[in-house]
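Source file: upload-v3.cif. Holds: mmCIF, C-alpha atoms.
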data_final
loop_
_atom_site.label_atom_id
_atom_site.label_comp_id
_atom_site.auth_asym_id
_atom_site.auth_seq_id
_atom_site.Cartn_x
_atom_site.Cartn_y
_atom_site.Cartn_z
CA MET A 1 -81.80 -6.24 29.11
CA GLN A 2 -80.41 -3.13 30.80
CA ALA A 3 -83.59 -3.15 32.85
CA GLY A 4 -82.72 -6.66 34.04
CA ASN A 5 -84.61 -9.49 32.43
CA GLU A 6 -83.67 -13.15 32.34
CA ALA A 7 -85.79 -13.86 29.27
CA ALA A 8 -84.01 -11.08 27.40
CA MET A 9 -80.64 -12.48 28.49
CA GLU A 10 -81.60 -15.95 27.20
CA ALA A 11 -82.78 -14.54 23.89
CA LEU A 12 -79.53 -12.61 23.57
CA VAL A 13 -77.44 -15.73 24.23
CA HIS A 14 -79.45 -17.76 21.72
CA ARG A 15 -79.00 -15.03 19.14
CA TYR A 16 -75.32 -14.28 19.58
CA HIS A 17 -73.68 -17.40 21.02
CA ARG A 18 -73.12 -19.01 17.66
CA PRO A 19 -71.65 -15.98 15.80
CA ILE A 20 -69.40 -15.02 18.70
CA TYR A 21 -68.24 -18.61 19.09
CA ALA A 22 -67.55 -18.79 15.33
CA TYR A 23 -65.62 -15.51 15.46
CA LEU A 24 -63.45 -16.74 18.30
CA TYR A 25 -63.01 -20.16 16.72
CA ARG A 26 -61.79 -18.54 13.51
CA LEU A 27 -59.24 -16.57 15.49
CA THR A 28 -58.06 -19.26 17.90
CA GLY A 29 -58.60 -22.33 15.72
CA ARG A 30 -59.56 -24.32 18.80
CA ARG A 31 -62.96 -25.39 20.02
CA GLU A 32 -62.22 -25.36 23.74
CA ALA A 33 -60.61 -21.94 23.58
CA ALA A 34 -63.52 -20.57 21.52
CA GLU A 35 -66.03 -22.08 23.94
CA ASP A 36 -64.31 -20.65 27.04
CA LEU A 37 -63.79 -17.26 25.47
CA ALA A 38 -67.38 -17.08 24.22
CA GLN A 39 -68.60 -17.76 27.74
CA GLU A 40 -66.27 -15.11 29.15
CA CYS A 41 -67.50 -12.75 26.48
CA PHE A 42 -71.10 -13.04 27.65
CA ILE A 43 -70.05 -12.61 31.27
CA ARG A 44 -68.16 -9.45 30.37
CA LEU A 45 -71.16 -8.28 28.36
CA MET A 46 -73.42 -8.79 31.35
CA THR A 47 -71.16 -6.88 33.71
CA ARG A 48 -70.89 -3.97 31.27
CA ILE A 49 -74.41 -3.89 29.89
CA ARG A 50 -75.09 -0.53 31.52
CA GLU A 51 -72.24 1.02 29.54
CA TYR A 52 -73.99 0.18 26.28
CA ASN A 53 -75.49 3.15 24.47
CA PRO A 54 -78.69 1.99 22.73
CA ALA A 55 -78.26 4.70 20.12
CA GLN A 56 -75.35 2.69 18.75
CA PRO A 57 -75.76 -0.67 17.01
CA PHE A 58 -75.39 -3.56 19.42
CA ARG A 59 -73.42 -6.07 17.30
CA PRO A 60 -70.24 -3.99 16.80
CA TRP A 61 -70.24 -3.18 20.51
CA PHE A 62 -70.43 -6.86 21.35
CA TYR A 63 -67.64 -7.67 18.90
CA THR A 64 -65.51 -5.02 20.62
CA ILE A 65 -65.86 -6.99 23.84
CA ALA A 66 -64.99 -10.22 22.01
CA HIS A 67 -61.98 -8.59 20.37
CA ASN A 68 -60.64 -7.25 23.66
CA LEU A 69 -61.14 -10.60 25.28
CA TYR A 70 -59.26 -12.33 22.49
CA LYS A 71 -56.40 -9.84 22.89
CA ASP A 72 -56.28 -10.56 26.63
CA HIS A 73 -56.23 -14.25 25.83
CA CYS A 74 -53.28 -13.79 23.44
CA ARG A 75 -51.35 -11.74 25.98
CA ALA A 76 -51.95 -14.34 28.69
CA ALA A 77 -50.86 -17.10 26.33
CA GLU A 78 -47.69 -15.20 25.49
CA GLN A 79 -46.89 -14.78 29.16
CA ARG A 80 -47.31 -18.50 29.64
CA ALA A 81 -45.00 -18.98 26.68
CA HIS A 82 -47.77 -20.66 24.72
CA PRO A 83 -48.14 -18.22 21.88
CA ALA A 84 -51.78 -18.66 21.00
CA ALA A 85 -51.42 -15.95 18.41
CA GLU A 86 -48.92 -17.88 16.35
CA PRO A 87 -49.98 -18.72 12.79
CA LEU A 88 -53.09 -20.73 13.16
CA SER A 89 -53.07 -24.49 12.80
CA PRO A 90 -56.78 -25.19 12.67
CA GLU A 91 -58.21 -28.49 13.70
CA VAL A 92 -58.48 -30.32 10.40
CA PRO A 93 -58.86 -34.03 9.84
CA ALA A 94 -55.84 -36.06 8.77
CA PRO A 95 -55.23 -35.66 4.99
CA ILE A 96 -55.80 -39.31 4.32
CA ASP A 97 -59.46 -39.01 5.41
CA LEU A 98 -60.25 -35.91 3.44
CA THR A 99 -63.01 -35.79 0.92
CA GLU A 100 -62.72 -33.11 -1.70
CA ARG A 101 -65.01 -30.74 0.17
CA ILE A 102 -63.22 -31.18 3.45
CA ALA A 103 -59.94 -30.65 1.63
CA GLU A 104 -61.24 -27.35 0.22
CA GLN A 105 -62.46 -26.34 3.64
CA ALA A 106 -59.07 -27.15 5.14
CA GLU A 107 -57.38 -25.19 2.37
CA VAL A 108 -59.40 -22.09 3.29
CA ALA A 109 -58.80 -22.60 7.00
CA VAL A 110 -55.07 -22.93 6.44
CA ALA A 111 -54.96 -19.91 4.10
CA VAL A 112 -56.82 -17.73 6.63
CA GLY A 113 -54.70 -19.16 9.43
CA ALA A 114 -51.55 -18.20 7.55
CA LEU A 115 -52.51 -14.52 7.50
CA ALA A 116 -50.83 -12.18 9.94
CA GLU A 117 -52.86 -11.99 13.13
CA GLY A 118 -54.03 -8.42 12.53
CA GLU A 119 -55.06 -9.20 8.97
CA ARG A 120 -56.95 -12.28 10.07
CA GLU A 121 -58.84 -10.36 12.73
CA VAL A 122 -59.85 -7.63 10.34
CA LEU A 123 -60.93 -10.11 7.69
CA VAL A 124 -62.97 -12.20 10.14
CA LEU A 125 -64.71 -9.10 11.48
CA ARG A 126 -65.34 -7.74 7.99
CA TYR A 127 -66.62 -10.83 6.26
CA TRP A 128 -68.03 -13.24 8.82
CA GLY A 129 -68.84 -10.54 11.38
CA ASP A 130 -70.23 -8.25 8.66
CA LEU A 131 -68.87 -5.12 10.34
CA LYS A 132 -68.09 -1.99 8.34
CA VAL A 133 -64.57 -0.54 8.25
CA ASP A 134 -65.38 2.20 10.76
CA GLN A 135 -67.02 -0.32 13.08
CA ILE A 136 -63.94 -2.56 12.89
CA ALA A 137 -61.78 0.48 13.59
CA ALA A 138 -63.87 1.22 16.68
CA ALA A 139 -63.82 -2.41 17.81
CA THR A 140 -60.07 -2.88 17.42
CA GLY A 141 -58.90 0.62 18.24
CA LEU A 142 -57.10 0.86 14.89
CA PRO A 143 -57.30 3.80 12.48
CA ALA A 144 -59.69 3.18 9.59
CA GLY A 145 -56.78 3.47 7.15
CA THR A 146 -54.95 0.63 8.90
CA VAL A 147 -58.09 -1.50 8.81
CA LYS A 148 -58.40 -0.92 5.07
CA SER A 149 -54.75 -1.70 4.43
CA ARG A 150 -54.92 -4.90 6.50
CA LEU A 151 -58.04 -5.91 4.65
CA PHE A 152 -56.27 -5.19 1.37
CA HIS A 153 -53.26 -7.34 2.30
CA ALA A 154 -55.49 -10.12 3.60
CA VAL A 155 -57.46 -10.19 0.35
CA GLN A 156 -54.25 -10.14 -1.70
CA LYS A 157 -52.80 -13.08 0.19
CA LEU A 158 -56.01 -15.08 0.09
CA LYS A 159 -56.38 -14.40 -3.59
CA ARG A 160 -52.91 -15.76 -4.23
CA ALA A 161 -53.49 -18.76 -1.99
CA LEU A 162 -57.01 -19.68 -3.04
CA LEU A 163 -57.67 -18.28 -6.50
CA ASP A 164 -54.20 -18.48 -8.10
CA PRO A 165 -52.66 -21.34 -6.15
CA ALA A 166 -50.28 -22.39 -8.94
CA PRO A 167 -47.99 -19.31 -8.85
CA ALA A 168 -48.04 -19.42 -5.07
CA ARG A 169 -46.82 -23.00 -5.14
CA ARG A 170 -44.16 -22.12 -7.72
CA ASN A 171 -42.94 -19.35 -5.42
CA GLN A 172 -42.83 -21.72 -2.50
CA ALA A 173 -40.81 -24.19 -4.62
CA MET B 1 -75.89 -16.02 2.45
CA SER B 2 -75.23 -15.37 -1.23
CA SER B 3 -76.99 -11.98 -1.25
CA GLN B 4 -75.07 -11.02 1.89
CA ARG B 5 -71.87 -12.18 0.21
CA THR B 6 -72.60 -10.17 -2.92
CA ARG B 7 -73.31 -7.09 -0.81
CA ILE B 8 -70.08 -7.48 1.16
CA ALA B 9 -68.12 -8.08 -2.04
CA HIS B 10 -69.58 -4.88 -3.44
CA GLU B 11 -68.70 -2.90 -0.29
CA MET B 12 -65.22 -4.39 0.00
CA ALA B 13 -64.43 -3.61 -3.63
CA THR B 14 -64.73 0.09 -2.82
CA GLU B 15 -63.17 -0.17 0.64
CA ILE B 16 -59.90 -1.78 -0.36
CA ASP B 17 -59.57 0.25 -3.54
CA GLU B 18 -57.87 -2.54 -5.42
CA GLU B 19 -57.91 -3.52 -9.05
CA MET B 20 -59.73 -6.68 -8.05
CA THR B 21 -63.22 -6.73 -9.49
CA GLU B 22 -66.38 -7.25 -7.52
CA GLU B 23 -66.85 -10.60 -9.30
CA SER B 24 -63.45 -11.95 -8.32
CA LEU B 25 -63.99 -10.72 -4.77
CA ASP B 26 -67.31 -12.53 -4.77
CA LEU B 27 -65.49 -15.64 -5.99
CA LEU B 28 -62.95 -15.32 -3.21
CA LEU B 29 -65.67 -14.87 -0.61
CA THR B 30 -67.48 -17.91 -2.03
CA LYS B 31 -64.29 -19.84 -1.32
CA LEU B 32 -64.20 -18.46 2.21
CA ASP B 33 -67.74 -19.71 2.76
CA LEU B 34 -66.38 -23.23 2.48
CA TRP B 35 -64.78 -22.80 5.87
CA GLN B 36 -67.62 -23.84 8.13
CA THR B 37 -67.04 -23.53 11.84
CA PRO B 38 -68.43 -26.03 14.33
CA ALA B 39 -71.52 -24.81 16.17
CA PRO B 40 -71.46 -24.56 19.95
CA SER B 41 -73.28 -27.46 21.54
CA ILE B 42 -76.72 -27.03 23.12
CA GLU B 43 -75.11 -27.93 26.44
CA SER B 44 -72.55 -25.17 26.11
CA THR B 45 -75.25 -22.60 25.29
CA ALA B 46 -77.23 -23.82 28.30
CA ALA B 47 -74.07 -23.54 30.44
CA VAL B 48 -73.59 -19.92 29.32
CA ILE B 49 -77.17 -19.11 30.27
CA GLU B 50 -76.77 -20.76 33.68
CA ARG B 51 -73.57 -18.80 34.35
CA LEU B 52 -75.23 -15.55 33.37
CA ARG B 53 -78.41 -16.05 35.37
CA PRO B 54 -77.02 -14.71 38.66
CA LEU B 55 -75.47 -11.76 36.82
CA VAL B 56 -78.70 -10.43 35.32
CA PRO B 57 -79.31 -6.97 36.80
CA ALA B 58 -81.73 -7.28 39.70
CA PRO B 59 -85.08 -5.68 38.89
CA LYS B 60 -87.29 -7.41 36.37
CA PRO B 61 -89.12 -5.12 33.97
CA GLU B 62 -92.03 -3.53 35.71
CA ARG B 63 -95.31 -2.56 34.20
CA PHE B 64 -95.54 0.86 32.70
CA ARG B 65 -97.95 1.63 35.54
CA VAL B 66 -95.06 1.35 38.00
CA THR B 67 -92.22 2.75 35.95
CA GLY B 68 -93.65 5.40 33.68
CA LEU B 69 -91.56 7.45 31.33
CA SER B 70 -89.71 9.02 34.22
CA ARG B 71 -87.76 5.85 34.83
CA GLU B 72 -85.17 6.84 32.27
CA PRO B 73 -84.45 10.35 31.05
CA LEU B 74 -86.67 11.54 28.26
CA PHE B 75 -83.58 11.65 26.09
CA THR B 76 -83.26 7.86 26.23
CA PHE B 77 -86.86 7.49 25.15
CA LEU B 78 -86.34 9.87 22.26
CA THR B 79 -83.18 7.99 21.26
CA SER B 80 -85.11 4.76 21.23
CA LEU B 81 -87.76 6.47 19.12
CA LEU B 82 -85.16 7.52 16.56
CA LEU B 83 -83.65 4.06 16.60
CA GLN B 84 -87.01 2.57 15.71
CA ALA B 85 -87.50 5.07 12.94
CA ARG B 86 -84.11 4.00 11.60
CA LEU B 87 -85.11 0.34 11.77
CA LEU B 88 -87.97 0.87 9.37
CA GLY B 89 -86.55 0.23 5.94
CA ARG B 90 -87.04 2.38 2.85
CA VAL B 91 -89.80 0.01 1.72
CA TRP B 92 -91.90 0.93 4.75
CA TRP B 93 -91.63 4.66 4.15
CA ILE B 94 -92.48 4.25 0.46
CA GLY B 95 -95.25 1.77 1.28
CA THR B 96 -96.77 4.17 3.81
CA ALA B 97 -96.63 6.99 1.31
CA LEU B 98 -98.46 4.80 -1.20
CA ALA B 99 -100.93 3.41 1.36
CA LEU B 100 -102.12 6.85 2.38
CA PRO B 101 -103.75 7.71 -0.96
CA VAL B 102 -105.32 4.24 -0.92
CA GLY B 103 -106.65 4.96 2.57
CA TYR B 104 -107.89 8.30 1.30
CA LEU B 105 -109.73 6.65 -1.59
CA LEU B 106 -111.21 4.09 0.80
CA ALA B 107 -112.33 6.91 3.06
CA LEU B 108 -113.85 8.74 0.10
CA SER B 109 -115.79 5.61 -0.78
CA LEU B 110 -117.39 5.82 2.67
CA GLU B 111 -118.71 9.29 1.88
CA GLY B 112 -122.47 9.40 1.87
CA THR B 113 -122.70 6.05 3.66
CA GLY B 114 -123.01 7.75 7.03
CA ILE B 115 -119.87 6.02 8.30
CA SER B 116 -116.98 8.12 9.58
CA PRO B 117 -113.77 7.57 7.59
CA ALA B 118 -111.88 7.69 10.89
CA ILE B 119 -112.71 4.04 11.41
CA ILE B 120 -110.09 2.84 8.93
CA ALA B 121 -107.17 4.91 10.29
CA PRO B 122 -106.00 2.61 13.12
CA PRO B 123 -106.25 -0.59 11.00
CA VAL B 124 -104.06 1.09 8.37
CA VAL B 125 -101.49 2.01 11.04
CA ILE B 126 -101.57 -1.43 12.69
CA LEU B 127 -101.21 -3.25 9.39
CA GLY B 128 -98.37 -0.92 8.47
CA LEU B 129 -96.58 -1.62 11.73
CA LEU B 130 -97.07 -5.38 11.42
CA TRP B 131 -95.85 -5.26 7.87
CA ALA B 132 -92.77 -3.31 8.92
CA LEU B 133 -91.87 -5.11 12.12
CA VAL B 134 -92.74 -8.78 11.57
CA PRO B 135 -90.29 -9.51 8.71
CA MET B 136 -87.44 -7.85 10.61
CA ARG B 137 -88.23 -9.52 13.89
CA GLY B 138 -84.52 -9.89 14.67
CA ALA B 139 -83.67 -6.23 14.45
CA ALA B 140 -86.87 -5.18 16.21
CA LEU B 141 -86.19 -7.71 18.97
CA GLN B 142 -82.69 -6.31 19.32
CA VAL B 143 -84.14 -2.90 20.16
CA GLU B 144 -86.44 -4.46 22.74
CA LEU B 145 -83.64 -6.51 24.30
CA THR B 146 -81.03 -3.83 24.54
CA SER B 147 -83.08 -0.72 25.05
CA PRO B 148 -83.30 0.61 28.59
CA VAL B 149 -86.86 1.77 27.96
CA ASN B 150 -89.60 -0.70 28.78
CA PRO B 151 -91.84 -2.53 26.27
CA ALA B 152 -94.74 -0.11 26.71
CA GLN B 153 -92.43 2.72 25.72
CA VAL B 154 -91.22 0.72 22.73
CA LEU B 155 -94.85 0.26 21.69
CA LEU B 156 -95.60 3.93 22.28
CA GLY B 157 -92.54 4.83 20.21
CA ARG B 158 -93.72 2.69 17.32
CA LEU B 159 -97.21 4.14 17.42
CA LEU B 160 -95.77 7.65 17.52
CA VAL B 161 -93.43 7.02 14.58
CA SER B 162 -96.26 5.58 12.54
CA THR B 163 -98.83 8.18 13.60
CA GLY B 164 -96.36 10.99 12.97
CA THR B 165 -95.60 9.73 9.48
CA HIS B 166 -99.30 9.52 8.63
CA LEU B 167 -99.89 13.01 9.95
CA VAL B 168 -97.00 14.50 8.00
CA LEU B 169 -98.09 12.76 4.81
CA GLY B 170 -101.71 13.74 5.41
CA GLY B 171 -100.63 17.33 6.01
CA LEU B 172 -98.64 17.32 2.79
CA LEU B 173 -101.64 15.98 0.87
CA TRP B 174 -103.75 18.67 2.46
CA LEU B 175 -101.31 21.39 1.45
CA LEU B 176 -100.84 20.04 -2.06
CA LEU B 177 -104.38 19.04 -2.96
CA GLY B 178 -106.53 20.89 -0.49
CA ALA B 179 -109.39 18.43 -0.74
CA PRO B 180 -108.16 15.72 1.67
CA GLY B 181 -108.12 18.34 4.44
CA ALA B 182 -111.62 17.24 5.33
CA LEU B 183 -110.14 13.88 6.21
CA LEU B 184 -107.25 15.16 8.26
CA LEU B 185 -109.17 15.84 11.46
CA PRO B 186 -111.08 12.53 11.71
CA TRP B 187 -107.96 10.62 10.70
CA THR B 188 -105.79 12.40 13.30
CA ALA B 189 -108.43 12.07 15.99
CA ALA B 190 -108.76 8.35 15.36
CA LEU B 191 -105.02 7.76 15.50
CA PHE B 192 -104.58 9.65 18.76
CA LEU B 193 -107.64 8.04 20.28
CA PHE B 194 -106.37 4.58 19.40
CA SER B 195 -102.81 5.32 20.62
CA GLY B 196 -104.18 6.75 23.86
CA LEU B 197 -106.46 3.76 24.39
CA THR B 198 -103.58 1.33 23.82
CA LEU B 199 -101.26 3.17 26.16
CA LEU B 200 -103.96 3.38 28.82
CA LEU B 201 -104.46 -0.38 28.60
CA THR B 202 -100.72 -1.00 29.04
CA LEU B 203 -101.16 0.40 32.54
CA TYR B 204 -103.25 -2.62 33.42
CA ALA B 205 -102.04 -5.41 31.13
CA GLY B 206 -99.05 -6.59 29.17
CA THR B 207 -98.12 -4.71 26.02
CA LEU B 208 -99.39 -7.28 23.53
CA THR B 209 -102.59 -7.85 25.48
CA ALA B 210 -103.18 -4.10 25.53
CA LEU B 211 -102.69 -3.82 21.80
CA ALA B 212 -104.94 -6.82 21.17
CA VAL B 213 -107.71 -5.45 23.42
CA ALA B 214 -107.53 -1.99 21.83
CA ALA B 215 -107.64 -3.53 18.36
CA GLY B 216 -110.53 -5.73 19.52
CA ILE B 217 -112.52 -2.75 20.79
CA TRP B 218 -111.91 -0.95 17.51
CA GLY B 219 -112.81 -4.14 15.63
CA THR B 220 -116.21 -4.37 17.32
CA GLN B 221 -116.92 -0.82 16.17
CA PHE B 222 -115.85 -1.82 12.69
CA VAL B 223 -118.05 -4.91 12.66
CA GLY B 224 -120.90 -2.99 14.23
CA VAL B 225 -121.11 -0.42 11.45
CA GLY B 226 -123.86 -2.24 9.58
CA ARG B 227 -125.66 -3.28 12.74
CA GLU B 228 -126.27 0.13 14.22
CA PHE B 229 -124.17 -0.25 17.34
CA SER B 230 -121.03 1.45 16.07
CA LEU B 231 -120.17 4.96 17.20
CA PHE B 232 -118.71 5.55 13.76
CA ALA B 233 -122.12 5.10 12.16
CA ALA B 234 -123.75 7.63 14.47
CA PRO B 235 -125.16 10.70 12.68
CA TRP B 236 -122.98 13.03 14.76
CA ALA B 237 -119.73 11.09 14.17
CA ASP B 238 -118.62 13.30 11.28
CA ARG B 239 -119.14 16.63 13.04
CA PRO B 240 -115.89 18.55 13.53
CA ALA B 241 -116.76 19.29 17.15
CA VAL B 242 -117.10 15.58 17.88
CA GLN B 243 -113.83 14.87 16.15
CA LEU B 244 -112.08 17.61 18.10
CA ILE B 245 -113.41 16.08 21.29
CA ALA B 246 -112.13 12.65 20.17
CA LEU B 247 -108.72 14.18 19.43
CA GLY B 248 -108.69 15.84 22.85
CA VAL B 249 -109.68 12.58 24.54
CA GLY B 250 -106.88 10.75 22.69
CA LEU B 251 -104.27 13.33 23.68
CA GLY B 252 -105.66 13.36 27.21
CA LEU B 253 -105.39 9.58 27.49
CA ILE B 254 -101.78 9.68 26.34
CA ALA B 255 -100.87 12.47 28.73
CA TRP B 256 -102.73 10.89 31.63
CA SER B 257 -101.17 7.47 31.01
CA ILE B 258 -97.68 8.96 30.87
CA GLY B 259 -98.21 11.04 33.96
CA ARG B 260 -99.97 8.44 36.04
CA ALA B 261 -97.07 6.24 37.06
CA PRO B 262 -94.85 8.91 38.59
CA LEU B 263 -97.89 10.34 40.35
CA HIS B 264 -98.57 6.93 41.85
CA ARG B 265 -95.05 6.78 43.07
CA LEU B 266 -95.20 10.25 44.54
CA LEU B 267 -98.42 9.48 46.34
CA GLY B 268 -96.98 6.16 47.51
CA ARG B 269 -100.05 4.27 46.33
CA GLU B 270 -100.05 0.90 44.64
CA GLY B 271 -101.86 1.01 41.31
#

Show how you would write the structure in this file as structure tokens.
Amino acid sequence: MQAGNEAAMEALVHRYHRPIYAYLYRLTGRREAAEDLAQECFIRLMTRIREYNPAQPFRPWFYTIAHNLYKDHCRAAEQRAHPAAEPLSPEVPAPIDLTERIAEQAEVAVAVGALAEGEREVLVLRYWGDLKVDQIAAATGLPAGTVKSRLFHAVQKLKRALLDPAPARRNQA
Amino acid sequence: MSSQRTRIAHEMATEIDEEMTEESLDLLLTKLDLWQTPAPSIESTAAVIERLRPLVPAPKPERFRVTGLSREPLFTFLTSLLLQARLLGRVWWIGTALALPVGYLLALSLEGTGISPAIIAPPVVILGLLWALVPMRGAALQVELTSPVNPAQVLLGRLLVSTGTHLVLGGLLWLLLGAPGALLLPWTAALFLFSGLTLLLTLYAGTLTALAVAAGIWGTQFVGVGREFSLFAAPWADRPAVQLIALGVGLGLIAWSIGRAPLHRLLGREG
């Protein structure tokens, strides 16, 4: 790839387009935004490919690019007074059409969307991105301790929302 | 997915240092799995590829003949070598350690047949490499896609990692048991001869073609053992002097192949 090879570029896109799109979709909650950002992500990757050190694993490096791009996107949205980083309201079907499975899926999407932005990012990178704490720290520029604490809070909140929903509802009431 | 989930649950349980058990974390992650994201459309993937096409760095990969090892610093090549060693899972290292005594026994069974045991060394290495690299095609491909070294260097790196492991293990057996020392020279000579032959062929053909041709040439020798046209069945094949010459030829081929490309460039000749 660094040597310049279209076939390698295509293989790379086929391999990473879906996970990067999913990562960005989980953060933005919107298909169009995820699609545009994923495309931008590959363009940024291509322009910076020579900065990549092959001694390091590729995936965390690529997620660093995606993370930075998402941050830029949030800042731009804030400047336009369209806070994209507000608590997520994922695209879910209207409740009346929901089957049980879709309802469960929406419940998870809403619970993850309700996390603080930093917690959501760390969780998405840790679980769906399968990055280790130190890799997340490198990708986000946060200290490893902060990553762990955000992960801890994210898990706590999700546990309350998804595994013990009754007390959570009582608290809300 | 479930084994990956279990692994992540296990890792997270220690990372977040919470009273939550691994099982309940696994349960929570199972819940998270319910959130399926839409997949990007084929059209959008195609659009990404089309947008990237003009951005691909200009030169296409050149043959090893043109580029040689001098294209990137030696350090990069060594890094790629280490990366490949890291890619090989624990199973490969254990498997290789177990395969060597089997190879040794096979070689012993050839004793008195007039066939040099060297003949089975490259097949053992090739099978070992296939066994290691085919199931983890994704990770191996990642090295090829992102590494600045060219495919011939990747192949050379793999052969070196595998050959090196066999030599170290063979040396250990030699030191520990003494007896297999008689096998060390033919085995080493065969590995270097095969690696040199493969690398030489990558000067003139694609990497896979080179490997296939080298394996084919070796295969004809293998098949020819019983039909009196194999060099390995020759009466002089087991003589140490012959094996030393074979080792020297192998090392010479490797050195010559590595040195040839820059020389070509210096002389301004097309290969």

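Interatomic distance, atom CA of Leu127 of chain B against atom CA of Leu191 of chain B: 13.2 Å.
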
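Between atom CA of Phe58 of chain A and atom CA of Ala116 of chain A there is a distance of 27.7 Å.
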
## Note on the structure
Across A:Ile65, A:Leu163, A:Leu27, A:Val124, the smallest distance to chain B, with all atoms listed in the file counted, is shown by A:Leu163

Report as a compact mmCIF listing (two decimals) with C-alpha atoms, in the coordinates of the input all protein, DNA and RNA residues lying within 9 Å of Gly248 of chain B, evaluated on all atoms listed in the file, omitting residues in the same chain fewer than 5 positions from it.
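Listing of result.txt after writing:
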# COMPACT_ATOMS: atom_id res chain seq x y z
CA ALA B 189 -108.43 12.07 15.99
CA PHE B 192 -104.58 9.65 18.76
CA LEU B 193 -107.64 8.04 20.28
CA GLN B 243 -113.83 14.87 16.15
CA LEU B 253 -105.39 9.58 27.49

### Task
Evaluate the PyMOL selection byres ((chain A and resi 59) around 12) on the structure here and hand back the selected residues as JSON, numbers by chain.
{"A": [12, 15, 16, 17, 19, 20, 45, 52, 53, 54, 56, 57, 58, 60, 61, 62, 63, 64, 65, 66, 125, 129, 130, 131, 132, 135, 136, 139], "B": [139, 142, 143, 146]}

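Among A:Glu32, A:Asp134, A:Glu104, A:Glu121, the residue with the shortest atom-to-atom distance to chain B, counting all atoms listed in the file, is A:Glu104.
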
### Task
Taking the file above as input, evaluate the PyMOL selection byres ((chain A) within 8 of (chain B)) and report the hits as a PyMOL selection string.
chain A and resi 1-6+8-10+12-14+17-18+21-22+25-26+31+35+39+42-43+46-47+54-55+58+101+104-106+108-109+127+130+133+148-149+151-152+158-159+162-163

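In this structure, atom CA of Leu69 of chain A sits 6.8 Å away from atom CA of Cys41 of chain A.
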